Structures are given as C-alpha cells and as structure tokens.
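File shown here: run_27.cif, holding mmCIF, C-alpha atoms.
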data_run
loop_
_atom_site.label_atom_id
_atom_site.label_comp_id
_atom_site.auth_asym_id
_atom_site.auth_seq_id
_atom_site.Cartn_x
_atom_site.Cartn_y
_atom_site.Cartn_z
CA MET P 11 -49.72 23.72 -1.99
CA GLU P 12 -49.62 19.94 -2.45
CA PRO P 13 -52.08 18.38 -4.95
CA GLY P 14 -55.36 17.49 -3.28
CA GLN P 15 -54.81 19.86 -0.34
CA THR P 16 -57.33 22.47 0.72
CA SER P 17 -56.30 25.97 1.74
CA SER P 18 -58.02 25.59 5.11
CA LEU P 19 -56.88 23.46 8.03
CA GLN P 20 -58.87 20.41 9.06
CA LEU P 21 -58.47 18.68 12.43
CA PRO P 22 -60.00 15.48 13.82
CA SER P 23 -63.27 16.16 15.61
CA PHE P 24 -62.01 14.41 18.75
CA LEU P 25 -59.58 17.32 19.32
CA HIS P 26 -62.36 19.89 19.80
CA GLY P 27 -64.31 20.49 22.99
CA THR P 28 -63.71 20.96 26.68
CA TYR P 29 -60.61 19.44 28.18
CA ARG P 30 -62.56 16.59 29.80
CA SER P 31 -64.61 15.81 26.70
CA ILE P 32 -61.45 15.64 24.57
CA GLN P 33 -59.87 13.31 27.13
CA GLN P 34 -62.80 10.92 26.72
CA LYS P 35 -62.93 11.19 22.93
CA ALA P 36 -59.16 10.87 22.58
CA ARG P 37 -59.12 7.72 24.67
CA THR P 38 -61.90 6.22 22.55
CA GLU P 39 -59.94 7.11 19.44
CA GLY P 40 -56.79 5.54 20.87
CA LEU P 41 -58.63 2.30 21.59
CA ARG P 42 -60.03 2.28 18.04
CA CYS P 43 -56.56 2.84 16.61
CA ALA P 44 -55.04 0.09 18.75
CA GLU P 45 -57.68 -2.47 17.77
CA GLN P 46 -57.15 -1.74 14.09
CA TYR P 47 -53.38 -1.94 14.52
CA LYS P 48 -53.69 -5.34 16.19
CA LYS P 49 -55.69 -6.61 13.23
CA ASP P 50 -53.52 -5.55 10.30
CA GLY P 51 -50.59 -3.46 11.59
CA PHE P 52 -52.01 -0.17 10.29
CA PHE P 53 -53.69 2.79 11.94
CA PRO P 54 -57.06 4.10 10.75
CA ALA P 55 -57.59 7.70 9.69
CA PRO P 56 -59.85 9.79 11.94
CA SER P 57 -63.49 9.08 11.24
CA GLN P 58 -64.52 12.75 11.17
CA MET P 59 -62.53 15.84 10.21
CA LEU P 60 -63.73 19.39 10.82
CA GLU P 61 -62.57 22.61 9.24
CA VAL P 62 -60.92 25.13 11.55
CA SER P 63 -62.19 28.61 10.77
CA PRO P 64 -59.60 31.42 10.45
CA ASP P 65 -60.88 33.15 13.61
CA GLU P 66 -60.29 30.06 15.78
CA VAL P 67 -57.15 29.39 17.79
CA VAL P 68 -55.46 25.98 18.09
CA LEU P 69 -53.84 25.18 21.44
CA THR P 70 -50.57 23.36 20.86
CA HIS P 71 -49.19 23.08 24.39
CA GLY P 72 -50.81 22.37 27.76
CA VAL P 73 -48.96 25.25 29.43
CA ALA P 74 -51.20 27.74 27.61
CA ASP P 75 -54.41 25.82 28.34
CA PHE P 76 -55.78 27.32 31.55
CA GLN P 77 -59.51 27.39 30.71
CA HIS P 78 -60.38 23.70 30.63
CA GLU P 79 -64.12 24.30 30.40
CA ARG P 80 -63.73 26.33 27.22
CA PRO P 81 -64.55 24.36 24.04
CA VAL P 82 -61.51 24.87 21.79
CA TRP P 83 -59.12 22.98 19.55
CA ARG P 84 -56.47 21.18 21.62
CA LEU P 85 -53.89 19.69 19.27
CA TYR P 86 -51.51 18.76 22.09
CA MET P 87 -54.04 16.19 23.35
CA VAL P 88 -53.06 13.83 20.55
CA SER P 89 -50.84 12.57 23.38
CA ASP P 90 -53.97 11.14 25.04
CA VAL P 91 -54.71 9.14 21.90
CA MET P 92 -51.19 7.76 21.89
CA SER P 93 -51.34 6.92 25.59
CA ALA P 94 -54.46 4.82 25.00
CA VAL P 95 -52.75 3.11 22.06
CA TRP P 96 -49.70 2.19 24.16
CA GLU P 97 -51.86 1.08 27.08
CA THR P 98 -53.78 -1.28 24.83
CA LEU P 99 -50.67 -2.55 23.05
CA ASP P 100 -48.53 -2.78 26.18
CA SER P 101 -47.09 -6.16 25.17
CA TRP P 102 -45.95 -4.82 21.78
CA ASN P 103 -42.70 -3.05 20.96
CA SER P 104 -43.59 0.47 22.07
CA ILE P 105 -40.90 2.13 19.92
CA ALA P 106 -42.11 0.34 16.79
CA VAL P 107 -45.72 1.30 17.56
CA ARG P 108 -44.77 4.92 18.14
CA ASP P 109 -42.77 5.05 14.91
CA SER P 110 -45.64 3.52 12.95
CA TYR P 111 -48.12 5.99 14.42
CA GLU P 112 -45.88 8.93 13.59
CA ALA P 113 -45.11 7.72 10.06
CA PHE P 114 -48.81 7.39 9.26
CA PHE P 115 -49.96 10.71 10.71
CA LEU P 116 -47.08 12.74 9.30
CA GLU P 117 -49.06 12.42 6.07
CA MET P 118 -51.76 14.68 7.54
CA ALA P 119 -51.42 18.38 8.34
CA TRP P 120 -52.40 18.07 12.00
CA GLY P 121 -50.11 15.08 12.56
CA ALA P 122 -47.19 16.81 10.87
CA LEU P 123 -47.56 19.83 13.13
CA TYR P 124 -48.07 17.77 16.28
CA PHE P 125 -44.89 15.74 15.84
CA ALA P 126 -42.82 18.76 14.84
CA LEU P 127 -43.88 20.53 18.03
CA GLU P 128 -43.84 17.53 20.36
CA GLN P 129 -40.35 16.40 19.29
CA MET P 130 -40.82 13.06 20.98
CA GLY P 131 -38.29 10.25 20.91
CA PRO P 132 -34.66 10.70 19.88
CA VAL P 133 -34.56 13.95 17.92
CA SER P 134 -32.01 12.83 15.36
CA ALA P 135 -31.11 14.84 12.28
CA PRO P 136 -32.95 12.49 9.85
CA ARG P 137 -36.06 12.34 12.03
CA THR P 138 -36.17 16.11 12.49
CA ALA P 139 -35.79 16.53 8.73
CA GLN P 140 -38.81 14.28 8.15
CA ARG P 141 -40.90 16.23 10.65
CA LEU P 142 -39.99 19.63 9.26
CA GLN P 143 -40.51 18.50 5.68
CA ALA P 144 -43.96 17.22 6.63
CA VAL P 145 -44.90 20.61 8.08
CA LEU P 146 -43.55 22.34 4.99
CA ARG P 147 -45.74 20.17 2.75
CA PHE P 148 -48.81 21.43 4.60
CA TRP P 149 -47.64 25.01 5.07
CA GLU P 150 -50.61 26.74 3.40
CA PRO P 151 -53.42 25.07 5.38
CA LEU P 152 -51.42 25.27 8.61
CA GLN P 153 -50.88 28.97 7.95
CA SER P 154 -54.62 29.63 7.82
CA VAL P 155 -55.17 29.72 11.61
CA ARG P 156 -53.55 31.07 14.79
CA TYR P 157 -51.92 29.11 17.59
CA LEU P 158 -51.19 29.21 21.30
CA PHE P 159 -47.90 27.65 22.35
CA LYS P 160 -46.18 28.19 25.71
CA THR P 161 -47.09 31.84 26.39
CA LEU P 162 -50.49 32.57 27.89
CA GLY P 163 -52.75 34.71 25.74
CA THR P 164 -50.22 35.22 22.94
CA GLU P 165 -51.61 34.13 19.59
CA LEU P 166 -48.96 33.11 17.07
CA SER P 167 -48.85 32.78 13.31
CA LEU P 168 -47.43 29.56 11.92
CA GLU P 169 -44.10 31.32 11.31
CA GLU P 170 -43.98 32.53 14.91
CA LEU P 171 -44.98 29.11 16.21
CA MET P 172 -42.25 27.31 14.27
CA LYS P 173 -39.66 29.86 15.33
CA ALA P 174 -40.66 29.45 18.98
CA SER P 175 -40.63 25.64 18.84
CA CYS P 176 -38.00 24.83 16.22
CA GLY P 177 -35.76 27.88 16.28
CA TRP P 178 -32.96 25.65 17.50
CA ALA P 179 -33.07 23.72 14.21
CA MET P 180 -32.65 26.90 12.19
CA ASP P 181 -29.88 28.17 14.47
CA ALA P 182 -27.98 24.90 14.20
CA TRP P 183 -28.50 24.10 10.54
CA GLU P 184 -29.25 27.44 8.80
CA PRO P 185 -27.68 30.03 11.11
CA VAL P 186 -26.87 32.73 8.54
CA GLY P 187 -29.22 34.96 6.60
CA ASP P 188 -32.37 37.04 6.92
CA ALA P 189 -34.62 34.71 4.95
CA SER P 190 -38.16 33.87 6.03
CA VAL P 191 -38.85 31.17 8.60
CA ARG P 192 -40.20 28.91 5.89
CA THR P 193 -37.10 29.32 3.72
CA ARG P 194 -34.76 28.71 6.65
CA LEU P 195 -36.71 25.60 7.69
CA GLU P 196 -36.52 24.27 4.14
CA ALA P 197 -32.76 24.75 4.08
CA ALA P 198 -32.31 23.27 7.56
CA ALA P 199 -34.43 20.22 6.74
CA GLU P 200 -32.55 19.61 3.50
CA ARG P 201 -29.20 19.75 5.28
CA MET P 202 -30.37 17.45 8.07
CA ALA P 203 -31.71 14.92 5.59
CA ARG P 204 -28.31 14.49 3.92
CA ALA P 205 -26.07 15.24 6.90
CA THR P 206 -22.95 13.20 7.54
CA ARG P 207 -21.69 12.57 11.05
CA GLU P 208 -19.25 15.44 10.63
CA ASP P 209 -22.08 17.75 9.51
CA CYS P 210 -23.99 16.84 12.67
CA ILE P 211 -20.94 17.46 14.85
CA GLU P 212 -20.57 20.95 13.36
CA ALA P 213 -24.26 21.70 14.00
CA ILE P 214 -23.96 20.41 17.57
CA PHE P 215 -20.81 22.46 18.07
CA ARG P 216 -22.70 25.61 17.03
CA GLN P 217 -25.46 24.90 19.56
CA LEU P 218 -23.38 23.83 22.56
CA PRO P 219 -22.88 27.42 23.83
CA GLN P 220 -26.67 27.81 23.90
CA ALA P 221 -27.02 24.53 25.77
CA LEU P 222 -24.36 25.57 28.27
CA ALA P 223 -26.17 28.86 28.88
CA HIS P 224 -29.38 27.01 29.75
CA ALA P 225 -27.88 24.07 31.64
CA GLY P 226 -28.41 24.00 35.38
CA ARG P 227 -25.80 23.17 37.97
CA LEU P 228 -22.71 21.88 36.22
CA LYS P 229 -19.72 21.19 38.46
CA HIS P 230 -17.20 21.27 35.62
CA ARG P 231 -18.60 24.09 33.48
CA GLN P 232 -15.18 25.48 32.52
CA ILE P 233 -14.02 22.13 31.13
CA LEU P 234 -17.34 21.57 29.37
CA ALA P 235 -17.07 24.97 27.71
CA ASP P 236 -13.68 24.14 26.20
CA PRO P 237 -14.12 23.66 22.40
CA THR P 238 -11.27 21.15 22.29
CA TYR P 239 -12.89 19.02 24.99
CA GLN P 240 -16.26 19.25 23.24
CA ARG P 241 -14.87 18.08 19.90
CA GLU P 242 -12.97 15.22 21.50
CA ARG P 243 -16.06 13.97 23.30
CA LEU P 244 -18.33 14.34 20.28
CA ALA P 245 -15.89 12.34 18.18
CA THR P 246 -16.00 9.43 20.62
CA LEU P 247 -19.79 9.12 21.00
CA ASP P 248 -21.06 5.69 20.01
CA SER P 249 -23.75 5.41 17.35
CA ARG P 250 -26.64 5.09 19.82
CA PHE P 251 -25.76 8.21 21.80
CA PHE P 252 -24.82 10.12 18.68
CA GLU P 253 -28.16 9.34 17.05
CA ARG P 254 -29.94 10.82 20.04
CA VAL P 255 -28.19 14.19 19.79
CA SER P 256 -27.46 14.41 16.05
CA GLY P 257 -30.28 16.89 15.42
CA ALA P 258 -28.58 19.40 17.77
CA ARG P 259 -31.72 20.17 19.77
CA THR P 260 -30.82 22.30 22.80
CA GLY P 261 -32.56 20.00 25.29
CA ASP P 262 -30.70 16.95 24.02
CA LEU P 263 -27.40 18.80 24.23
CA ILE P 264 -28.12 19.78 27.84
CA TRP P 265 -28.68 16.08 28.52
CA LEU P 266 -25.32 15.37 26.88
CA LEU P 267 -23.55 18.02 28.97
CA VAL P 268 -25.05 16.66 32.18
CA ASN P 269 -23.75 13.19 31.29
CA TRP P 270 -20.29 14.55 30.58
CA ASP P 271 -20.34 16.51 33.82
CA HIS P 272 -21.24 13.37 35.74
CA GLU P 273 -18.44 11.40 34.09
CA LEU P 274 -15.91 14.12 34.95
CA GLY P 275 -16.99 13.83 38.57
CA LEU P 276 -16.14 10.12 38.56
CA GLN P 277 -12.58 10.66 37.36
#
I need this file expressed as structure tokens, please.
Amino acid sequence: MEPGQTSSLQLPSFLHGTYRSIQQKARTEGLRCAEQYKKDGFFPAPSQMLEVSPDEVVLTHGVADFQHERPVWRLYMVSDVMSAVWETLDSWNSIAVRDSYEAFFLEMAWGALYFALEQMGPVSAPRTAQRLQAVLRFWEPLQSVRYLFKTLGTELSLEELMKASCGWAMDAWEPVGDASVRTRLEAAAERMARATREDCIEAIFRQLPQALAHAGRLKHRQILADPTYQRERLATLDSRFFERVSGARTGDLIWLLVNWDHELGLQ
C-alpha cells in the first residue's frame, strides 16, 4: 500500500445517492471544477469524501444500473461531472482539458479506477500503462469493496472487475502464465510503458484474431485475416493512427479492421 493510503476506499460524496440526485450533484461539481480551472488551470479535489463500507457495492457501468431510485455508489457518473466541465469550457481545447482532468484524478483511487474502466480517448500503449499503474497503486483500498460492471446482479471483486474490463490488455501484453490478475496487470503495464513500435505491432498482431471474431459485417474478411496483409498494413500506419491502436484494445482493432475493409472496397 502506498504511503498515506488507507485500507478502505473513499469516494466523493457526489457519487452517492439516487440516479437523479447524483446527476444534479455531479453537474454542480463539474461547474465548480470548470470555474477553478478557468482561474488557474487546475482542478480542485472533491470537497467531501466518504468511506465505502465493505458491504456496499460500487456501480461502475450504466448497463448494470436498473434501479435508479436506489441510493448507491455510481462511479460511472463521473462522466456527468466531465460533461459539465466541457460544457462550461466549450471554447477551450477539449482534448487538453480532458487530459488535465484525467492526469489530476489518476492520483486518487476512484479516479484511477474510473479512467481504467472508461478507457476514453485514444487507448494508446503509454496511456493504458499510466491508467493500469494508477489502479495498481491503489490496489488495496480498491480491493476492499465489490463492484457491478456490465452483468446485472453479478457482484465482482477487483480482480474480476479488472479481468472483465481490461482482460484484453493482459491477453495482448502478458498472454502467458497462470499468475494472478494483479501480477499480470503489473507486467502488462510495464511492457506498455516501455514498448517500441515493433512491440506494439506484436501485441496488436496477437489480438487481431479476437477483433476479427467480434467484428460485424466485413466484406473482405478472408483478406483481413491474412497475417501477411495484417503486418503490411500495420507497418504502414502513420503515427496518428498508430497511436490510437497501439494499446491493442479489441474495440480499437475492430475500428481498424472496418477501416481496412472499407479501403479494400474502394480498390
């Protein structure tokens, strides 16, 4: 456990309550954050933190939230805070604002978990490494409670939650071994943090069969499944496109395959 950490998880008070009450509190928090950011370019820490007791469940995805009148912890509604921030700072560089918000709140357990699960923006290898390393720094307090993710009524431990949400990272970057989820995430994050372009290509290459299996209607599936074609196309990606897929997230690779399929149709 990091120095100064507690063994229990604390979340901002604005993330607890009914769905509607959290919407209102999150918007107020977003406006407060935006006003502070306009003044000095920094975001304020939440004004009140509350301890989450071990018998409570934290909802991490809206798909599993079907009882809106039930007062619970709704971590996924950090998105409402960010929406209010962007709405207020609509004339600012939205990417820079988002990056600043993430960088600040990765230093808190709840922020680290939110951004690891949300996987917003380009999910590059370096950015994924930062998100996973942030979660790993807060592993003990995050491990103290249970979570709901995308399956109704199924409570998950932290290990189960990270496997469900970030299993792709382990498969791509630490595919061998029977080590614990935490150990595999540590290894994957370390490799992502120091990955060369060729390292990223190898990780992407390992995950492309999974992406192909989950991709929808592809008109040129046989060509796209050819390893030689895949390597040739990966080698020619420009830096902007490569950055977007360098983490080897399945969803980003499906996006890549759809683009390739479209280009083949134009030939």
Go ahead and find all residues with at least one atom no further than 12 Å from (-64.4, 28.6, 13.6) in the file's coordinates, using all atoms listed in the file; report them as a PDB file with C-alpha atoms, keeping the file's coordinate frame.
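Below is the file that was written, out-v3.pdb:
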ATOM      1  CA  SER P  18     -58.020  25.590   5.110  1.00  0.00           C
ATOM      2  CA  LEU P  19     -56.880  23.460   8.030  1.00  0.00           C
ATOM      3  CA  GLN P  20     -58.870  20.410   9.060  1.00  0.00           C
ATOM      4  CA  LEU P  21     -58.470  18.680  12.430  1.00  0.00           C
ATOM      5  CA  HIS P  26     -62.360  19.890  19.800  1.00  0.00           C
ATOM      6  CA  LEU P  60     -63.730  19.390  10.820  1.00  0.00           C
ATOM      7  CA  GLU P  61     -62.570  22.610   9.240  1.00  0.00           C
ATOM      8  CA  VAL P  62     -60.920  25.130  11.550  1.00  0.00           C
ATOM      9  CA  SER P  63     -62.190  28.610  10.770  1.00  0.00           C
ATOM     10  CA  PRO P  64     -59.600  31.420  10.450  1.00  0.00           C
ATOM     11  CA  ASP P  65     -60.880  33.150  13.610  1.00  0.00           C
ATOM     12  CA  GLU P  66     -60.290  30.060  15.780  1.00  0.00           C
ATOM     13  CA  VAL P  67     -57.150  29.390  17.790  1.00  0.00           C
ATOM     14  CA  VAL P  68     -55.460  25.980  18.090  1.00  0.00           C
ATOM     15  CA  PRO P  81     -64.550  24.360  24.040  1.00  0.00           C
ATOM     16  CA  VAL P  82     -61.510  24.870  21.790  1.00  0.00           C
ATOM     17  CA  TRP P  83     -59.120  22.980  19.550  1.00  0.00           C
ATOM     18  CA  SER P 154     -54.620  29.630   7.820  1.00  0.00           C
ATOM     19  CA  VAL P 155     -55.170  29.720  11.610  1.00  0.00           C
ATOM     20  CA  ARG P 156     -53.550  31.070  14.790  1.00  0.00           C
TER      21      ARG P 156
END
remark   = From CA of Glu79 in chain P to CA of Gly27 in chain P the spacing works out at 8.3 Å
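Minimum atom-to-atom distances from P:Ser175, P:Phe76, P:Gln34, P:Trp149 to Phe125 in chain P were compared using only C-alpha atoms, and the lowest value belongs to P:Ser175.
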task = Tell me, in Å to one decimal, how far CA of Gln140 in chain P is from CA of Leu25 in chain P.
result = 23.8 Å
Pull the closest atom pair for each residue of range 80-175 of chain P that gets at most 6 Å from range 253-275 of chain P, along with the distance in Å to one decimal, counting all atoms listed in the file, ordering rows by chain and then ascending residue number, as JSON lines.
{"residue": "P:Pro132", "atom": "CA", "partner": "P:Arg254", "partner_atom": "CA", "distance": 4.7}
{"residue": "P:Val133", "atom": "CA", "partner": "P:Gly257", "partner_atom": "CA", "distance": 5.8}
{"residue": "P:Ser134", "atom": "CA", "partner": "P:Gly257", "partner_atom": "CA", "distance": 4.4}
{"residue": "P:Ala135", "atom": "CA", "partner": "P:Gly257", "partner_atom": "CA", "distance": 3.8}
Export of prior selection with C-alpha atoms as a PDB file, keeping the file's coordinate frame:
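The result, written out as out-v9.pdb:
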ATOM      1  CA  PRO P 132     -34.660  10.700  19.880  1.00  0.00           C
ATOM      2  CA  VAL P 133     -34.560  13.950  17.920  1.00  0.00           C
ATOM      3  CA  SER P 134     -32.010  12.830  15.360  1.00  0.00           C
ATOM      4  CA  ALA P 135     -31.110  14.840  12.280  1.00  0.00           C
TER       5      ALA P 135
END
Taking 3 positions as the minimum chain separation for residues in the same chain, which residues sit within 12 Å of Gly177 in chain P when counting all atoms listed in the file? Answer as a short mmCIF file (atom, residue, chain, number, x, y, z; two decimals) with C-alpha atoms, keeping the file's coordinate frame.
data_model
loop_
_atom_site.label_atom_id
_atom_site.label_comp_id
_atom_site.auth_asym_id
_atom_site.auth_seq_id
_atom_site.Cartn_x
_atom_site.Cartn_y
_atom_site.Cartn_z
CA ALA P 126 -42.82 18.76 14.84
CA LEU P 127 -43.88 20.53 18.03
CA LEU P 142 -39.99 19.63 9.26
CA GLU P 169 -44.10 31.32 11.31
CA GLU P 170 -43.98 32.53 14.91
CA LEU P 171 -44.98 29.11 16.21
CA MET P 172 -42.25 27.31 14.27
CA LYS P 173 -39.66 29.86 15.33
CA ALA P 174 -40.66 29.45 18.98
CA MET P 180 -32.65 26.90 12.19
CA ASP P 181 -29.88 28.17 14.47
CA ALA P 182 -27.98 24.90 14.20
CA TRP P 183 -28.50 24.10 10.54
CA GLU P 184 -29.25 27.44 8.80
CA PRO P 185 -27.68 30.03 11.11
CA VAL P 191 -38.85 31.17 8.60
CA ARG P 192 -40.20 28.91 5.89
CA ARG P 194 -34.76 28.71 6.65
CA LEU P 195 -36.71 25.60 7.69
CA ALA P 198 -32.31 23.27 7.56
CA GLN P 217 -25.46 24.90 19.56
CA GLN P 220 -26.67 27.81 23.90
CA ALA P 258 -28.58 19.40 17.77
CA ARG P 259 -31.72 20.17 19.77
CA THR P 260 -30.82 22.30 22.80
#
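Closest approach to Ile105 in chain P from the set P:Ala36, P:Ser57, P:Ala203, P:Met92 is made by P:Met92, with distances taken over only C-alpha atoms.
CA of Gln77 in chain P to CA of Glu39 in chain P spans 23.2 Å [interatomic distance, one decimal].
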ask   = Contacts of range 47-50 of chain P at 9 Å or less, counting all atoms listed in the file, minus same-chain residues fewer than 4 places along, as a count of residues only?
value = 5
ask   = Which residues fall under the PyMOL selection byres ((chain P and resi 163) around 12) in this file, as an MDAnalysis selection string?
value = chainID P and resid 67:69 73:77 156:162 164:166
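Excluding Arg141 in chain P itself and any same-chain residue fewer than 2 positions from it, the protein and nucleic acid residues within 10 Å of it, counting all atoms listed in the file, are P:Glu112, P:Ala113, P:Leu116, P:Gly121, P:Ala122, P:Leu123, P:Tyr124, P:Phe125, P:Ala126, P:Leu127, P:Gln129, P:Val133, P:Pro136, P:Arg137, P:Thr138, P:Ala139, P:Gln143, P:Ala144, P:Val145, P:Leu146, P:Ala199.
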remark   = Between P:Ser23, P:Thr246, P:Gln240, P:Ser167, smallest distance to Met59 in chain P by all atoms listed in the file belongs to P:Ser23
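Each of P:Ile214, P:Ala189, P:Ala225, P:Leu276 was compared to Pro237 in chain P using only C-alpha atoms, and P:Ile214 turns out to be the nearest.
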ask   = Nearest to Asp109 in chain P among P:Gly131, P:Gly72, P:Pro219, P:Pro22, with distances taken over all atoms listed in the file: which residue is it?
value = P:Gly131
request  = Apply the PyMOL selection byres ((chain P and resi 94) around 9) to the displayed file and report the matching residues as a list of chain:residue names.
outcome  = P:Ala36, P:Arg37, P:Thr38, P:Glu39, P:Gly40, P:Leu41, P:Cys43, P:Ala44, P:Ser89, P:Asp90, P:Val91, P:Met92, P:Ser93, P:Val95, P:Trp96, P:Glu97, P:Thr98, P:Leu99
inquiry  = I'd like to see the residues matched by the PyMOL selection byres ((chain P and resi 235) around 10) on this file, and ideally I'd get them as a list in words.
reply    = Leu218, Pro219, Leu222, Ala223, His230, Arg231, Gln232, Ile233, Leu234, Asp236, Pro237, Thr238, Tyr239, Gln240 and Leu267 of chain P
Can you sort out range 35-58 of chain P so it carries N, CA and C atoms, written as a short mmCIF file (atom, residue, chain, number, x, y, z; two decimals), in the frame of the given file?
data_model
loop_
_atom_site.label_atom_id
_atom_site.label_comp_id
_atom_site.auth_asym_id
_atom_site.auth_seq_id
_atom_site.Cartn_x
_atom_site.Cartn_y
_atom_site.Cartn_z
N LYS P 35 -62.92 11.50 24.35
CA LYS P 35 -62.93 11.19 22.93
C LYS P 35 -61.57 10.69 22.45
N ALA P 36 -60.50 11.28 22.99
CA ALA P 36 -59.16 10.87 22.58
C ALA P 36 -58.87 9.44 23.03
N ARG P 37 -59.32 9.09 24.21
CA ARG P 37 -59.12 7.72 24.67
C ARG P 37 -59.88 6.73 23.79
N THR P 38 -61.12 7.07 23.44
CA THR P 38 -61.90 6.22 22.55
C THR P 38 -61.20 6.06 21.20
N GLU P 39 -60.66 7.16 20.71
CA GLU P 39 -59.94 7.11 19.44
C GLU P 39 -58.69 6.24 19.55
N GLY P 40 -57.98 6.35 20.67
CA GLY P 40 -56.79 5.54 20.87
C GLY P 40 -57.11 4.06 20.90
N LEU P 41 -58.21 3.70 21.56
CA LEU P 41 -58.63 2.30 21.59
C LEU P 41 -58.99 1.80 20.20
N ARG P 42 -59.68 2.65 19.42
CA ARG P 42 -60.03 2.28 18.04
C ARG P 42 -58.78 2.06 17.21
N CYS P 43 -57.81 2.97 17.36
CA CYS P 43 -56.56 2.84 16.61
C CYS P 43 -55.81 1.57 16.99
N ALA P 44 -55.77 1.26 18.28
CA ALA P 44 -55.04 0.09 18.75
C ALA P 44 -55.68 -1.20 18.23
N GLU P 45 -57.00 -1.26 18.25
CA GLU P 45 -57.68 -2.47 17.77
C GLU P 45 -57.42 -2.69 16.29
N GLN P 46 -57.43 -1.61 15.52
CA GLN P 46 -57.15 -1.74 14.09
C GLN P 46 -55.71 -2.17 13.86
N TYR P 47 -54.80 -1.61 14.66
CA TYR P 47 -53.38 -1.94 14.52
C TYR P 47 -53.13 -3.41 14.84
N LYS P 48 -53.84 -3.92 15.83
CA LYS P 48 -53.69 -5.34 16.19
C LYS P 48 -54.16 -6.25 15.05
N LYS P 49 -55.14 -5.78 14.31
CA LYS P 49 -55.69 -6.61 13.23
C LYS P 49 -54.76 -6.70 12.03
N ASP P 50 -54.27 -5.53 11.57
CA ASP P 50 -53.52 -5.55 10.30
C ASP P 50 -52.22 -4.75 10.33
N GLY P 51 -51.83 -4.20 11.51
CA GLY P 51 -50.59 -3.46 11.59
C GLY P 51 -50.63 -2.06 11.03
N PHE P 52 -51.86 -1.54 10.81
CA PHE P 52 -52.01 -0.17 10.29
C PHE P 52 -52.97 0.61 11.18
N PHE P 53 -52.80 1.93 11.18
CA PHE P 53 -53.69 2.79 11.94
C PHE P 53 -54.77 3.37 11.04
N PRO P 54 -55.98 3.52 11.55
CA PRO P 54 -57.06 4.10 10.75
C PRO P 54 -57.00 5.63 10.77
N ALA P 55 -57.46 6.24 9.70
CA ALA P 55 -57.59 7.70 9.69
C ALA P 55 -58.74 8.11 10.60
N PRO P 56 -58.73 9.32 11.12
CA PRO P 56 -59.85 9.79 11.94
C PRO P 56 -61.16 9.67 11.19
N SER P 57 -62.21 9.31 11.90
CA SER P 57 -63.49 9.08 11.24
C SER P 57 -64.19 10.38 10.84
N GLN P 58 -63.88 11.48 11.51
CA GLN P 58 -64.52 12.75 11.17
C GLN P 58 -63.50 13.89 11.28
#
